[in-house]
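Enquirer: Pasting query-v4.pdb below, which is PDB, C-alpha atoms.
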ATOM      1  CA  VAL A   1      -5.289  15.479  -1.092  1.00  0.00           C
ATOM      2  CA  GLN A   2      -2.398  14.112   0.901  1.00  0.00           C
ATOM      3  CA  LEU A   3      -1.228  10.546   1.433  1.00  0.00           C
ATOM      4  CA  VAL A   4       1.570   9.932   3.939  1.00  0.00           C
ATOM      5  CA  GLU A   5       3.130   6.489   4.202  1.00  0.00           C
ATOM      6  CA  SER A   6       5.204   5.150   7.064  1.00  0.00           C
ATOM      7  CA  GLY A   7       6.481   1.867   8.425  1.00  0.00           C
ATOM      8  CA  GLY A   8       9.096   0.871   5.898  1.00  0.00           C
ATOM      9  CA  GLY A   9      12.589  -0.229   6.793  1.00  0.00           C
ATOM     10  CA  LEU A  10      15.196  -2.967   6.624  1.00  0.00           C
ATOM     11  CA  VAL A  11      14.065  -6.462   7.562  1.00  0.00           C
ATOM     12  CA  GLN A  12      15.546  -9.926   7.251  1.00  0.00           C
ATOM     13  CA  PRO A  13      13.959 -12.537   4.978  1.00  0.00           C
ATOM     14  CA  GLY A  14      11.009 -14.129   6.731  1.00  0.00           C
ATOM     15  CA  GLY A  15      10.370 -11.010   8.784  1.00  0.00           C
ATOM     16  CA  SER A  16       7.354  -8.729   8.959  1.00  0.00           C
ATOM     17  CA  LEU A  17       6.527  -5.076   8.517  1.00  0.00           C
ATOM     18  CA  ARG A  18       3.323  -3.075   8.754  1.00  0.00           C
ATOM     19  CA  LEU A  19       2.940  -0.099   6.463  1.00  0.00           C
ATOM     20  CA  SER A  20       0.486   2.706   7.209  1.00  0.00           C
ATOM     21  CA  CYS A  21      -0.906   5.425   4.989  1.00  0.00           C
ATOM     22  CA  ILE A  22      -2.736   8.369   6.535  1.00  0.00           C
ATOM     23  CA  ALA A  23      -5.009  10.173   4.103  1.00  0.00           C
ATOM     24  CA  SER A  24      -6.361  13.704   4.238  1.00  0.00           C
ATOM     25  CA  GLY A  25      -8.097  16.223   2.020  1.00  0.00           C
ATOM     26  CA  PHE A  26     -10.924  13.984   0.891  1.00  0.00           C
ATOM     27  CA  THR A  27     -13.677  11.786   2.301  1.00  0.00           C
ATOM     28  CA  PHE A  28     -11.587   8.686   2.902  1.00  0.00           C
ATOM     29  CA  SER A  29     -14.480   6.273   3.427  1.00  0.00           C
ATOM     30  CA  ASN A  30     -15.846   7.037  -0.051  1.00  0.00           C
ATOM     31  CA  TYR A  31     -12.860   5.696  -1.962  1.00  0.00           C
ATOM     32  CA  ARG A  32     -11.154   2.449  -2.760  1.00  0.00           C
ATOM     33  CA  MET A  33      -7.528   2.483  -1.615  1.00  0.00           C
ATOM     34  CA  SER A  34      -4.514   0.654  -2.961  1.00  0.00           C
ATOM     35  CA  TRP A  35      -0.874  -0.112  -2.320  1.00  0.00           C
ATOM     36  CA  TYR A  36       1.621  -0.190  -5.189  1.00  0.00           C
ATOM     37  CA  ARG A  37       5.326  -0.918  -5.222  1.00  0.00           C
ATOM     38  CA  GLN A  38       8.241  -0.185  -7.494  1.00  0.00           C
ATOM     39  CA  ALA A  39      11.464  -2.143  -7.408  1.00  0.00           C
ATOM     40  CA  PRO A  40      14.693  -0.785  -8.917  1.00  0.00           C
ATOM     41  CA  GLY A  41      14.592  -1.051 -12.691  1.00  0.00           C
ATOM     42  CA  LYS A  42      11.014  -2.293 -12.742  1.00  0.00           C
ATOM     43  CA  GLU A  43       7.628  -0.774 -13.420  1.00  0.00           C
ATOM     44  CA  ARG A  44       5.320   0.194 -10.594  1.00  0.00           C
ATOM     45  CA  GLU A  45       2.906  -2.650  -9.831  1.00  0.00           C
ATOM     46  CA  LEU A  46      -0.341  -2.972  -7.925  1.00  0.00           C
ATOM     47  CA  VAL A  47       0.132  -4.965  -4.718  1.00  0.00           C
ATOM     48  CA  ALA A  48      -3.302  -4.890  -3.089  1.00  0.00           C
ATOM     49  CA  SER A  49      -6.574  -2.962  -3.045  1.00  0.00           C
ATOM     50  CA  ILE A  50      -9.435  -2.587  -0.586  1.00  0.00           C
ATOM     51  CA  SER A  51     -13.013  -1.469  -1.066  1.00  0.00           C
ATOM     52  CA  ARG A  52     -14.522   1.587   0.580  1.00  0.00           C
ATOM     53  CA  ASP A  53     -15.931  -0.319   3.550  1.00  0.00           C
ATOM     54  CA  GLY A  54     -13.080  -2.827   3.774  1.00  0.00           C
ATOM     55  CA  GLY A  55     -15.341  -5.734   2.907  1.00  0.00           C
ATOM     56  CA  SER A  56     -13.562  -6.648  -0.299  1.00  0.00           C
ATOM     57  CA  THR A  57      -9.854  -6.952  -0.964  1.00  0.00           C
ATOM     58  CA  ASN A  58      -7.615  -8.259  -3.675  1.00  0.00           C
ATOM     59  CA  ALA A  59      -3.897  -8.796  -4.044  1.00  0.00           C
ATOM     60  CA  VAL A  60      -1.361  -9.721  -6.672  1.00  0.00           C
ATOM     61  CA  ASP A  61      -0.594 -13.456  -6.756  1.00  0.00           C
ATOM     62  CA  SER A  62       3.007 -12.987  -5.607  1.00  0.00           C
ATOM     63  CA  VAL A  63       1.888 -11.669  -2.194  1.00  0.00           C
ATOM     64  CA  LYS A  64      -1.304 -13.666  -1.575  1.00  0.00           C
ATOM     65  CA  GLY A  65      -1.165 -15.464   1.746  1.00  0.00           C
ATOM     66  CA  ARG A  66       1.630 -13.183   2.971  1.00  0.00           C
ATOM     67  CA  PHE A  67       0.321  -9.611   2.710  1.00  0.00           C
ATOM     68  CA  THR A  68      -2.960  -8.278   4.087  1.00  0.00           C
ATOM     69  CA  ILE A  69      -4.506  -4.926   3.275  1.00  0.00           C
ATOM     70  CA  SER A  70      -6.906  -3.337   5.746  1.00  0.00           C
ATOM     71  CA  ARG A  71      -8.328   0.071   6.592  1.00  0.00           C
ATOM     72  CA  ASP A  72      -9.691   2.079   9.490  1.00  0.00           C
ATOM     73  CA  ASN A  73     -12.115   4.668   8.170  1.00  0.00           C
ATOM     74  CA  ALA A  74     -12.337   6.344  11.563  1.00  0.00           C
ATOM     75  CA  LYS A  75      -8.606   7.044  11.366  1.00  0.00           C
ATOM     76  CA  ASN A  76      -8.426   7.739   7.615  1.00  0.00           C
ATOM     77  CA  THR A  77      -5.728   5.092   7.435  1.00  0.00           C
ATOM     78  CA  VAL A  78      -4.987   2.139   5.189  1.00  0.00           C
ATOM     79  CA  TYR A  79      -2.522  -0.563   6.224  1.00  0.00           C
ATOM     80  CA  LEU A  80      -0.438  -3.227   4.566  1.00  0.00           C
ATOM     81  CA  GLN A  81       0.640  -6.048   6.843  1.00  0.00           C
ATOM     82  CA  MET A  82       3.538  -7.870   5.227  1.00  0.00           C
ATOM     83  CA  ASN A  83       4.634 -11.242   6.576  1.00  0.00           C
ATOM     84  CA  SER A  84       7.146 -13.826   5.380  1.00  0.00           C
ATOM     85  CA  LEU A  85       8.995 -11.131   3.488  1.00  0.00           C
ATOM     86  CA  LYS A  86      11.305 -12.135   0.662  1.00  0.00           C
ATOM     87  CA  PRO A  87      14.215 -10.289  -0.965  1.00  0.00           C
ATOM     88  CA  GLU A  88      12.059  -9.842  -4.069  1.00  0.00           C
ATOM     89  CA  ASP A  89       9.636  -7.750  -1.990  1.00  0.00           C
ATOM     90  CA  THR A  90      12.300  -5.044  -1.808  1.00  0.00           C
ATOM     91  CA  ALA A  91      10.791  -1.897  -3.313  1.00  0.00           C
ATOM     92  CA  VAL A  92       9.390   1.526  -2.593  1.00  0.00           C
ATOM     93  CA  TYR A  93       5.782   1.092  -1.508  1.00  0.00           C
ATOM     94  CA  TYR A  94       3.207   3.734  -2.417  1.00  0.00           C
ATOM     95  CA  CYS A  95      -0.274   4.472  -1.203  1.00  0.00           C
ATOM     96  CA  TYR A  96      -2.722   5.317  -4.004  1.00  0.00           C
ATOM     97  CA  VAL A  97      -6.193   6.701  -4.510  1.00  0.00           C
ATOM     98  CA  HIS A  98      -8.013   7.664  -7.684  1.00  0.00           C
ATOM     99  CA  LEU A  99     -10.502  10.463  -7.301  1.00  0.00           C
ATOM    100  CA  LEU A 100     -11.854  13.352  -9.305  1.00  0.00           C
ATOM    101  CA  SER A 101     -10.582  11.689 -12.477  1.00  0.00           C
ATOM    102  CA  ARG A 102      -6.926  11.674 -11.452  1.00  0.00           C
ATOM    103  CA  PRO A 103      -4.499   9.523  -9.508  1.00  0.00           C
ATOM    104  CA  TYR A 104      -2.914  10.565  -6.228  1.00  0.00           C
ATOM    105  CA  TRP A 105       0.240   9.012  -4.776  1.00  0.00           C
ATOM    106  CA  GLY A 106       2.028   9.237  -1.501  1.00  0.00           C
ATOM    107  CA  GLN A 107       5.741   9.941  -1.305  1.00  0.00           C
ATOM    108  CA  GLY A 108       6.539   6.268  -0.804  1.00  0.00           C
ATOM    109  CA  THR A 109       8.260   4.260   1.903  1.00  0.00           C
ATOM    110  CA  GLN A 110      11.286   2.057   1.277  1.00  0.00           C
ATOM    111  CA  VAL A 111      11.116  -1.632   2.184  1.00  0.00           C
ATOM    112  CA  THR A 112      14.374  -3.567   2.000  1.00  0.00           C
ATOM    113  CA  VAL A 113      14.468  -7.296   2.646  1.00  0.00           C
ATOM    114  CA  SER A 114      18.017  -8.502   3.110  1.00  0.00           C
ATOM    115  CA  SER A 115      20.146 -10.570   5.435  1.00  0.00           C
TER     116      SER A 115
END
Could I get this structure in the form of structure tokens?

Expert:
Amino acid sequence: VQLVESGGGLVQPGGSLRLSCIASGFTFSNYRMSWYRQAPGKERELVASISRDGGSTNAVDSVKGRFTISRDNAKNTVYLQMNSLKPEDTAVYYCYVHLLSRPYWGQGTQVTVSS
């Protein structure tokens, strides 16, 4: 199982970024996918999740209306579109899947929101 994130970077407040996570080593379309983030000095938190077919999503209250999770099962890829970014969104963002009774994480991608 491998999860590879990309798309992070430095952005000004109010800006946008689109994160991607390419998955391999398992049948992607069979599993719910999630994005987590971890800010310095804080615990890792769930940001958003998406069902196997993409028909159902949820997100933490702090990002609702600003972040959108989506997936392309043909490309084994899950996305996180982040708009209206705030300094408090600064964190390392991780792609996550739980399968075969264990969690799998990507290596993470840094998102920094600063002027």

Enquirer: Hey, can you check how far atom CA of A:Lys75 sits from atom CA of A:Phe28?

Expert: 9.1 Å

Enquirer: So what do you get for atom CA of A:Tyr93 versus atom CA of A:Trp35, distance-wise?

Expert: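 So the answer is 6.8 Å.
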
Enquirer: Give me the box for stretch 39-42 of chain A as JSON, namely the centre and edge lengths in Å to one decimal of a box along x, y and z that holds every listed atom plus 3 Å on each side.

Expert:
{"center_x": 12.9, "center_y": -1.5, "center_z": -10.1, "size_x": 9.7, "size_y": 7.5, "size_z": 11.3}

Enquirer: For the PyMOL selection byres ((chain A and resi 50) around 10), applied here, can you spell out every residue it catches as a ChimeraX atom specification?

Expert: /A:31-35,48-49,51-59,68-71,78-79

Enquirer: Excluding A:Ser115 and any residue of its chain fewer than 6 positions from it, enumerate the residues within 9 Å of it, using only C-alpha atoms, and give them as a list in words.

Expert: Val11, Gln12, Pro13 and Pro87 of chain A

Enquirer: Which residues would end up in the selection if the PyMOL selection byres ((chain A and resi 17) around 6) were applied here, given that I need the answer as a short mmCIF file (atom, residue, chain, number, x, y, z; two decimals) with C-alpha atoms, keeping the file's coordinate frame?

Expert:
data_model
loop_
_atom_site.label_atom_id
_atom_site.label_comp_id
_atom_site.auth_asym_id
_atom_site.auth_seq_id
_atom_site.Cartn_x
_atom_site.Cartn_y
_atom_site.Cartn_z
CA SER A 16 7.35 -8.73 8.96
CA ARG A 18 3.32 -3.08 8.75
CA MET A 82 3.54 -7.87 5.23
#

Enquirer: Restricting the calculation to all atoms listed in the file, which member of A:Cys95, A:Leu85, A:Ala39, A:Leu100 is positioned closest to A:Leu10?

Expert: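 Checking each candidate against A:Leu10, we get A:Leu85 as the closest.
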